[in-house]
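Here's target_3.cif, which has mmCIF, C-alpha atoms, pLDDT in the B column; chains and numbers go by the auth columns:
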data_data
loop_
_atom_site.group_PDB
_atom_site.id
_atom_site.type_symbol
_atom_site.label_atom_id
_atom_site.label_comp_id
_atom_site.label_asym_id
_atom_site.label_seq_id
_atom_site.Cartn_x
_atom_site.Cartn_y
_atom_site.Cartn_z
_atom_site.B_iso_or_equiv
_atom_site.auth_seq_id
_atom_site.auth_asym_id
ATOM 1 C CA MET A 1 14.876 21.635 -1.898 69.00 1 A
ATOM 2 C CA ASN A 2 18.280 22.652 -0.628 80.00 2 A
ATOM 3 C CA GLN A 3 18.885 24.821 2.436 82.00 3 A
ATOM 4 C CA GLU A 4 19.264 28.078 0.470 79.00 4 A
ATOM 5 C CA GLU A 5 15.973 27.463 -1.356 77.00 5 A
ATOM 6 C CA ARG A 6 14.243 26.585 1.923 83.00 6 A
ATOM 7 C CA ILE A 7 15.476 29.821 3.525 82.00 7 A
ATOM 8 C CA GLN A 8 14.399 31.947 0.557 78.00 8 A
ATOM 9 C CA ALA A 9 10.990 30.250 0.429 80.00 9 A
ATOM 10 C CA TYR A 10 10.497 30.844 4.155 84.00 10 A
ATOM 11 C CA LEU A 11 11.442 34.502 3.760 82.00 11 A
ATOM 12 C CA LEU A 12 9.049 34.920 0.848 78.00 12 A
ATOM 13 C CA LYS A 13 6.200 33.434 2.838 81.00 13 A
ATOM 14 C CA HIS A 14 6.967 34.958 6.267 82.00 14 A
ATOM 15 C CA GLY A 15 9.361 37.809 5.512 71.00 15 A
ATOM 16 C CA ALA A 16 7.145 40.588 6.806 71.00 16 A
ATOM 17 C CA THR A 17 6.667 38.917 10.189 80.00 17 A
ATOM 18 C CA THR A 18 9.807 36.866 10.767 83.00 18 A
ATOM 19 C CA ASP A 19 12.867 37.775 12.790 89.00 19 A
ATOM 20 C CA ALA A 20 16.286 36.136 13.022 90.00 20 A
ATOM 21 C CA ALA A 21 15.295 33.800 15.862 93.00 21 A
ATOM 22 C CA ASP A 22 12.207 32.607 13.980 91.00 22 A
ATOM 23 C CA LEU A 23 14.116 32.091 10.726 89.00 23 A
ATOM 24 C CA ALA A 24 16.946 30.287 12.541 92.00 24 A
ATOM 25 C CA MET A 25 14.554 27.949 14.320 93.00 25 A
ATOM 26 C CA ASN A 26 12.435 27.136 11.260 91.00 26 A
ATOM 27 C CA CYS A 27 15.321 26.726 8.815 91.00 27 A
ATOM 28 C CA ASP A 28 17.790 25.090 11.207 92.00 28 A
ATOM 29 C CA ILE A 29 20.537 27.701 10.805 92.00 29 A
ATOM 30 C CA PRO A 30 22.469 29.790 13.335 93.00 30 A
ATOM 31 C CA GLU A 31 20.749 33.015 14.366 93.00 31 A
ATOM 32 C CA VAL A 32 23.685 35.129 13.113 93.00 32 A
ATOM 33 C CA GLU A 33 23.302 33.587 9.662 90.00 33 A
ATOM 34 C CA ALA A 34 19.540 34.114 9.801 88.00 34 A
ATOM 35 C CA GLN A 35 20.069 37.797 10.576 88.00 35 A
ATOM 36 C CA TRP A 36 22.376 38.076 7.567 85.00 36 A
ATOM 37 C CA TYR A 37 19.644 36.623 5.317 83.00 37 A
ATOM 38 C CA ILE A 38 17.071 39.048 6.725 81.00 38 A
ATOM 39 C CA ASP A 39 19.365 42.060 6.283 80.00 39 A
ATOM 40 C CA HIS A 40 20.386 40.982 2.802 77.00 40 A
ATOM 41 C CA ARG A 41 16.794 40.317 1.759 72.00 41 A
ATOM 42 C CA GLU A 42 15.594 43.727 2.943 57.00 42 A
ATOM 43 C CA VAL A 43 18.227 45.535 0.861 53.00 43 A
ATOM 44 C CA ASN A 44 17.467 43.492 -2.264 58.00 44 A
ATOM 45 C CA HIS A 45 13.738 43.700 -1.606 56.00 45 A
ATOM 46 C CA LEU A 46 13.824 47.494 -1.593 51.00 46 A
ATOM 47 C CA LEU A 47 15.985 47.705 -4.704 56.00 47 A
ATOM 48 C CA THR A 48 13.846 45.217 -6.618 63.00 48 A
ATOM 49 C CA ARG A 49 10.707 47.230 -5.979 60.00 49 A
ATOM 50 C CA LYS A 50 12.132 50.493 -7.307 62.00 50 A
ATOM 51 C CA TYR A 51 11.985 49.396 -10.927 58.00 51 A
ATOM 52 C CA ASN A 52 10.239 47.007 -13.275 60.00 52 A
ATOM 53 C CA VAL A 53 11.372 45.282 -16.417 62.00 53 A
ATOM 54 C CA GLY A 54 9.432 46.136 -19.557 64.00 54 A
ATOM 55 C CA GLN A 55 6.743 48.714 -20.185 64.00 55 A
ATOM 56 C CA SER A 56 4.468 47.934 -17.228 68.00 56 A
ATOM 57 C CA ASP A 57 4.182 50.419 -14.374 68.00 57 A
ATOM 58 C CA TYR A 58 4.125 48.123 -11.322 66.00 58 A
ATOM 59 C CA ALA A 59 7.061 49.855 -9.635 66.00 59 A
ATOM 60 C CA LYS A 60 5.207 53.125 -9.153 71.00 60 A
ATOM 61 C CA HIS A 61 2.683 51.420 -6.844 67.00 61 A
ATOM 62 C CA LYS A 62 3.062 50.443 -3.194 71.00 62 A
ATOM 63 C CA ILE A 63 1.637 46.967 -3.782 78.00 63 A
ATOM 64 C CA GLN A 64 3.157 44.778 -6.485 80.00 64 A
ATOM 65 C CA PRO A 65 1.275 41.881 -8.124 85.00 65 A
ATOM 66 C CA TRP A 66 3.574 39.386 -6.402 82.00 66 A
ATOM 67 C CA ASP A 67 2.484 40.751 -3.002 83.00 67 A
ATOM 68 C CA ILE A 68 -1.054 39.677 -3.853 89.00 68 A
ATOM 69 C CA TRP A 69 0.110 36.314 -5.215 88.00 69 A
ATOM 70 C CA LEU A 70 1.941 35.528 -1.980 86.00 70 A
ATOM 71 C CA GLU A 71 -0.695 36.886 0.391 87.00 71 A
ATOM 72 C CA TYR A 72 -3.495 34.906 -1.270 90.00 72 A
ATOM 73 C CA ASP A 73 -1.325 31.880 -2.184 91.00 73 A
ATOM 74 C CA LEU A 74 -2.631 32.096 -5.756 92.00 74 A
ATOM 75 C CA ASN A 75 -2.236 29.373 -8.316 91.00 75 A
ATOM 76 C CA PRO A 76 -0.361 30.387 -11.494 91.00 76 A
ATOM 77 C CA TRP A 77 -3.566 30.934 -13.477 92.00 77 A
ATOM 78 C CA ASP A 78 -5.119 33.338 -10.988 94.00 78 A
ATOM 79 C CA ALA A 79 -1.775 35.082 -10.466 93.00 79 A
ATOM 80 C CA ASP A 80 -1.434 35.693 -14.190 93.00 80 A
ATOM 81 C CA ILE A 81 -4.927 37.213 -14.316 95.00 81 A
ATOM 82 C CA VAL A 82 -4.158 39.518 -11.369 93.00 82 A
ATOM 83 C CA LYS A 83 -0.935 40.613 -13.048 90.00 83 A
ATOM 84 C CA ARG A 84 -2.720 41.514 -16.268 90.00 84 A
ATOM 85 C CA ILE A 85 -5.459 43.426 -14.431 90.00 85 A
ATOM 86 C CA LEU A 86 -2.974 45.495 -12.437 88.00 86 A
ATOM 87 C CA ARG A 87 -0.568 46.433 -15.182 85.00 87 A
ATOM 88 C CA HIS A 88 -0.815 49.345 -17.528 80.00 88 A
ATOM 89 C CA LYS A 89 0.894 49.101 -20.879 79.00 89 A
ATOM 90 C CA PRO A 90 0.149 51.939 -23.259 80.00 90 A
ATOM 91 C CA ASN A 91 -2.357 50.975 -25.972 86.00 91 A
ATOM 92 C CA GLU A 92 -2.524 47.302 -24.870 86.00 92 A
ATOM 93 C CA ARG A 93 -5.556 47.168 -22.569 89.00 93 A
ATOM 94 C CA ARG A 94 -7.717 45.257 -25.037 92.00 94 A
ATOM 95 C CA LEU A 95 -4.903 42.752 -25.571 93.00 95 A
ATOM 96 C CA ASP A 96 -4.682 42.213 -21.796 92.00 96 A
ATOM 97 C CA TYR A 97 -8.385 41.337 -21.717 94.00 97 A
ATOM 98 C CA GLU A 98 -7.957 38.947 -24.661 96.00 98 A
ATOM 99 C CA LYS A 99 -5.107 37.245 -22.791 95.00 99 A
ATOM 100 C CA ILE A 100 -7.227 37.041 -19.629 96.00 100 A
ATOM 101 C CA LYS A 101 -10.015 35.349 -21.611 97.00 101 A
ATOM 102 C CA HIS A 102 -7.479 32.901 -23.049 96.00 102 A
ATOM 103 C CA ILE A 103 -6.094 32.108 -19.577 95.00 103 A
ATOM 104 C CA CYS A 104 -9.628 31.630 -18.217 96.00 104 A
ATOM 105 C CA ASP A 105 -10.530 29.279 -21.094 96.00 105 A
ATOM 106 C CA GLU A 106 -7.463 27.141 -20.366 94.00 106 A
ATOM 107 C CA ARG A 107 -8.148 27.089 -16.620 94.00 107 A
ATOM 108 C CA ILE A 108 -11.777 26.074 -17.227 94.00 108 A
ATOM 109 C CA ARG A 109 -10.534 23.296 -19.526 94.00 109 A
ATOM 110 C CA GLN A 110 -8.256 22.037 -16.757 91.00 110 A
ATOM 111 C CA ILE A 111 -11.043 22.156 -14.182 93.00 111 A
ATOM 112 C CA ASP A 112 -13.301 20.208 -16.562 94.00 112 A
ATOM 113 C CA LEU A 113 -10.552 17.580 -16.803 93.00 113 A
ATOM 114 C CA GLY A 114 -10.524 17.255 -13.016 91.00 114 A
ATOM 115 C CA ASN A 115 -7.556 19.486 -12.211 84.00 115 A
ATOM 116 C CA ASN A 116 -9.510 21.845 -9.977 77.00 116 A
ATOM 117 C CA GLU A 117 -7.041 22.292 -7.140 69.00 117 A
ATOM 118 C CA GLU A 118 -6.882 25.846 -5.825 64.00 118 A
ATOM 119 C CA THR A 119 -3.144 26.095 -5.243 53.00 119 A
ATOM 120 C CA PRO A 120 -0.231 24.440 -7.012 51.00 120 A
ATOM 121 C CA ARG A 121 0.987 22.829 -3.773 47.00 121 A
ATOM 122 C CA ALA A 122 -2.379 21.166 -3.264 43.00 122 A
ATOM 123 C CA SER A 123 -2.309 19.610 -6.703 42.00 123 A
ATOM 124 C CA SER A 124 -1.153 16.039 -6.890 40.00 124 A
ATOM 125 C CA GLN A 125 -2.299 15.642 -10.477 41.00 125 A
ATOM 126 C CA LYS A 126 0.001 16.812 -13.250 44.00 126 A
ATOM 127 C CA GLU A 127 -1.217 17.350 -16.768 44.00 127 A
ATOM 128 C CA THR A 128 0.987 17.575 -19.798 43.00 128 A
ATOM 129 C CA SER A 129 0.431 20.336 -22.241 43.00 129 A
ATOM 130 C CA PRO A 130 -1.483 19.311 -25.372 45.00 130 A
ATOM 131 C CA THR A 131 1.205 21.111 -27.401 43.00 131 A
ATOM 132 C CA ALA A 132 4.160 19.442 -25.655 38.00 132 A
#
Go ahead and render the structure in this file as structure tokens.
Amino acid sequence: MNQEERIQAYLLKHGATTDAADLAMNCDIPEVEAQWYIDHREVNHLLTRKYNVGQSDYAKHKIQPWDIWLEYDLNPWDADIVKRILRHKPNERRLDYEKIKHICDERIRQIDLGNNEETPRASSQKETSPTA
């Protein structure tokens, strides 16, 4: 992970509680540069949350699915389920539930194979897709 990625990852994880001194210390950058990242992130963060791509209606809510993913450190399977529960696409609710069932079936298959880690960072075991 390069320095830019490390800074962005730190801001994603600690953005709500970090300040320039904290970011500078934890990412080994000057405090002035850290403040620039914080200021820049806040502007982009606000703009990003004012719209969504596609037909879903996430942007009209105060809490976005990714807020939940980050707060609970969800694995990709659980995050996908949360996303599908929270979205509203006209005339597609049944399809969302079918997709959730499909995701759950795959996750159960992985757990049965021994890949039962809760978060992706905790997982040391990689499985290749049966369709790859």
- Query: How far is it from CA of Arg6 (chain A) to CA of Trp69 (chain A), in Å with one decimal?
  - Reply: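 Computing the Euclidean distance for CA of Arg6 (chain A) and CA of Trp69 (chain A) yields 18.6 Å.
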- Message: What's around region 103-114 of chain A at 7 Å? Count only C-alpha atoms, leave out sequence neighbours fewer than 3 positions away in its own chain, and write the answer as a ChimeraX atom specification.
- Response: /A:77,99-100
- Query: So how far away is CA of Asp96 (chain A) from CA of Arg84 (chain A), in Å?
  - Reply: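 If I compute the distance from CA of Arg84 (chain A) to CA of Asp96 (chain A), I get 5.9 Å.
Between CA of Asp19 (chain A) and CA of Gln35 (chain A) lies a distance of 7.5 Å.
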- Expected selection from the PyMOL selection byres ((chain A and resi 24) around 12), given as a PyMOL selection string: chain A and resi 3+6-7+10-11+18-23+25-38
Could you write region 70-97 of chain A as a PDB file, keeping the file's coordinate frame, with N, CA and C atoms rebuilt where they are missing?
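Output below, filename part05.pdb:
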ATOM      1  N   LEU A  70       1.464  36.167  -3.201  1.00 86.00           N
ATOM      2  CA  LEU A  70       1.941  35.528  -1.980  1.00 86.00           C
ATOM      3  C   LEU A  70       0.902  35.579  -0.867  1.00 86.00           C
ATOM      4  N   GLU A  71       0.282  36.729  -0.686  1.00 87.00           N
ATOM      5  CA  GLU A  71      -0.695  36.886   0.391  1.00 87.00           C
ATOM      6  C   GLU A  71      -1.874  35.934   0.229  1.00 87.00           C
ATOM      7  N   TYR A  72      -2.333  35.746  -1.009  1.00 90.00           N
ATOM      8  CA  TYR A  72      -3.495  34.906  -1.270  1.00 90.00           C
ATOM      9  C   TYR A  72      -3.110  33.492  -1.713  1.00 90.00           C
ATOM     10  N   ASP A  73      -1.811  33.202  -1.779  1.00 91.00           N
ATOM     11  CA  ASP A  73      -1.325  31.880  -2.184  1.00 91.00           C
ATOM     12  C   ASP A  73      -1.991  31.445  -3.499  1.00 91.00           C
ATOM     13  N   LEU A  74      -1.934  32.334  -4.493  1.00 92.00           N
ATOM     14  CA  LEU A  74      -2.631  32.096  -5.756  1.00 92.00           C
ATOM     15  C   LEU A  74      -1.959  31.025  -6.600  1.00 92.00           C
ATOM     16  N   ASN A  75      -2.781  30.297  -7.334  1.00 91.00           N
ATOM     17  CA  ASN A  75      -2.236  29.373  -8.316  1.00 91.00           C
ATOM     18  C   ASN A  75      -1.735  30.198  -9.503  1.00 91.00           C
ATOM     19  N   PRO A  76      -0.943  29.614 -10.386  1.00 91.00           N
ATOM     20  CA  PRO A  76      -0.361  30.387 -11.494  1.00 91.00           C
ATOM     21  C   PRO A  76      -1.395  31.035 -12.407  1.00 91.00           C
ATOM     22  N   TRP A  77      -2.535  30.404 -12.580  1.00 92.00           N
ATOM     23  CA  TRP A  77      -3.566  30.934 -13.477  1.00 92.00           C
ATOM     24  C   TRP A  77      -4.163  32.214 -12.897  1.00 92.00           C
ATOM     25  N   ASP A  78      -4.545  32.162 -11.632  1.00 94.00           N
ATOM     26  CA  ASP A  78      -5.119  33.338 -10.988  1.00 94.00           C
ATOM     27  C   ASP A  78      -4.083  34.463 -10.864  1.00 94.00           C
ATOM     28  N   ALA A  79      -2.841  34.083 -10.578  1.00 93.00           N
ATOM     29  CA  ALA A  79      -1.775  35.082 -10.466  1.00 93.00           C
ATOM     30  C   ALA A  79      -1.568  35.810 -11.791  1.00 93.00           C
ATOM     31  N   ASP A  80      -1.610  35.076 -12.876  1.00 93.00           N
ATOM     32  CA  ASP A  80      -1.434  35.693 -14.190  1.00 93.00           C
ATOM     33  C   ASP A  80      -2.564  36.680 -14.482  1.00 93.00           C
ATOM     34  N   ILE A  81      -3.779  36.325 -14.104  1.00 95.00           N
ATOM     35  CA  ILE A  81      -4.927  37.213 -14.316  1.00 95.00           C
ATOM     36  C   ILE A  81      -4.766  38.490 -13.484  1.00 95.00           C
ATOM     37  N   VAL A  82      -4.374  38.347 -12.226  1.00 93.00           N
ATOM     38  CA  VAL A  82      -4.158  39.518 -11.369  1.00 93.00           C
ATOM     39  C   VAL A  82      -3.095  40.428 -11.984  1.00 93.00           C
ATOM     40  N   LYS A  83      -2.013  39.833 -12.444  1.00 90.00           N
ATOM     41  CA  LYS A  83      -0.935  40.613 -13.048  1.00 90.00           C
ATOM     42  C   LYS A  83      -1.451  41.432 -14.222  1.00 90.00           C
ATOM     43  N   ARG A  84      -2.233  40.816 -15.069  1.00 90.00           N
ATOM     44  CA  ARG A  84      -2.720  41.514 -16.268  1.00 90.00           C
ATOM     45  C   ARG A  84      -3.735  42.606 -15.922  1.00 90.00           C
ATOM     46  N   ILE A  85      -4.503  42.407 -14.865  1.00 90.00           N
ATOM     47  CA  ILE A  85      -5.459  43.426 -14.431  1.00 90.00           C
ATOM     48  C   ILE A  85      -4.723  44.640 -13.870  1.00 90.00           C
ATOM     49  N   LEU A  86      -3.652  44.409 -13.128  1.00 88.00           N
ATOM     50  CA  LEU A  86      -2.974  45.495 -12.437  1.00 88.00           C
ATOM     51  C   LEU A  86      -2.009  46.291 -13.314  1.00 88.00           C
ATOM     52  N   ARG A  87      -1.571  45.721 -14.390  1.00 85.00           N
ATOM     53  CA  ARG A  87      -0.568  46.433 -15.182  1.00 85.00           C
ATOM     54  C   ARG A  87      -1.204  47.440 -16.125  1.00 85.00           C
ATOM     55  N   HIS A  88      -0.382  48.360 -16.534  1.00 80.00           N
ATOM     56  CA  HIS A  88      -0.815  49.345 -17.528  1.00 80.00           C
ATOM     57  C   HIS A  88       0.284  49.468 -18.577  1.00 80.00           C
ATOM     58  N   LYS A  89      -0.003  48.956 -19.744  1.00 79.00           N
ATOM     59  CA  LYS A  89       0.894  49.101 -20.879  1.00 79.00           C
ATOM     60  C   LYS A  89       0.173  49.985 -21.886  1.00 79.00           C
ATOM     61  N   PRO A  90       0.813  51.021 -22.326  1.00 80.00           N
ATOM     62  CA  PRO A  90       0.149  51.939 -23.259  1.00 80.00           C
ATOM     63  C   PRO A  90      -0.417  51.222 -24.488  1.00 80.00           C
ATOM     64  N   ASN A  91      -1.679  51.486 -24.776  1.00 86.00           N
ATOM     65  CA  ASN A  91      -2.357  50.975 -25.972  1.00 86.00           C
ATOM     66  C   ASN A  91      -2.492  49.452 -26.026  1.00 86.00           C
ATOM     67  N   GLU A  92      -2.416  48.762 -24.869  1.00 86.00           N
ATOM     68  CA  GLU A  92      -2.524  47.302 -24.870  1.00 86.00           C
ATOM     69  C   GLU A  92      -3.620  46.774 -23.954  1.00 86.00           C
ATOM     70  N   ARG A  93      -4.538  47.624 -23.514  1.00 89.00           N
ATOM     71  CA  ARG A  93      -5.556  47.168 -22.569  1.00 89.00           C
ATOM     72  C   ARG A  93      -6.450  46.091 -23.166  1.00 89.00           C
ATOM     73  N   ARG A  94      -6.863  46.271 -24.403  1.00 92.00           N
ATOM     74  CA  ARG A  94      -7.717  45.257 -25.037  1.00 92.00           C
ATOM     75  C   ARG A  94      -6.978  43.929 -25.128  1.00 92.00           C
ATOM     76  N   LEU A  95      -5.703  43.970 -25.482  1.00 93.00           N
ATOM     77  CA  LEU A  95      -4.903  42.752 -25.571  1.00 93.00           C
ATOM     78  C   LEU A  95      -4.824  42.051 -24.211  1.00 93.00           C
ATOM     79  N   ASP A  96      -4.690  42.817 -23.138  1.00 92.00           N
ATOM     80  CA  ASP A  96      -4.682  42.213 -21.796  1.00 92.00           C
ATOM     81  C   ASP A  96      -5.978  41.443 -21.543  1.00 92.00           C
ATOM     82  N   TYR A  97      -7.113  42.027 -21.919  1.00 94.00           N
ATOM     83  CA  TYR A  97      -8.385  41.337 -21.717  1.00 94.00           C
ATOM     84  C   TYR A  97      -8.498  40.092 -22.599  1.00 94.00           C
TER      85      TYR A  97
END
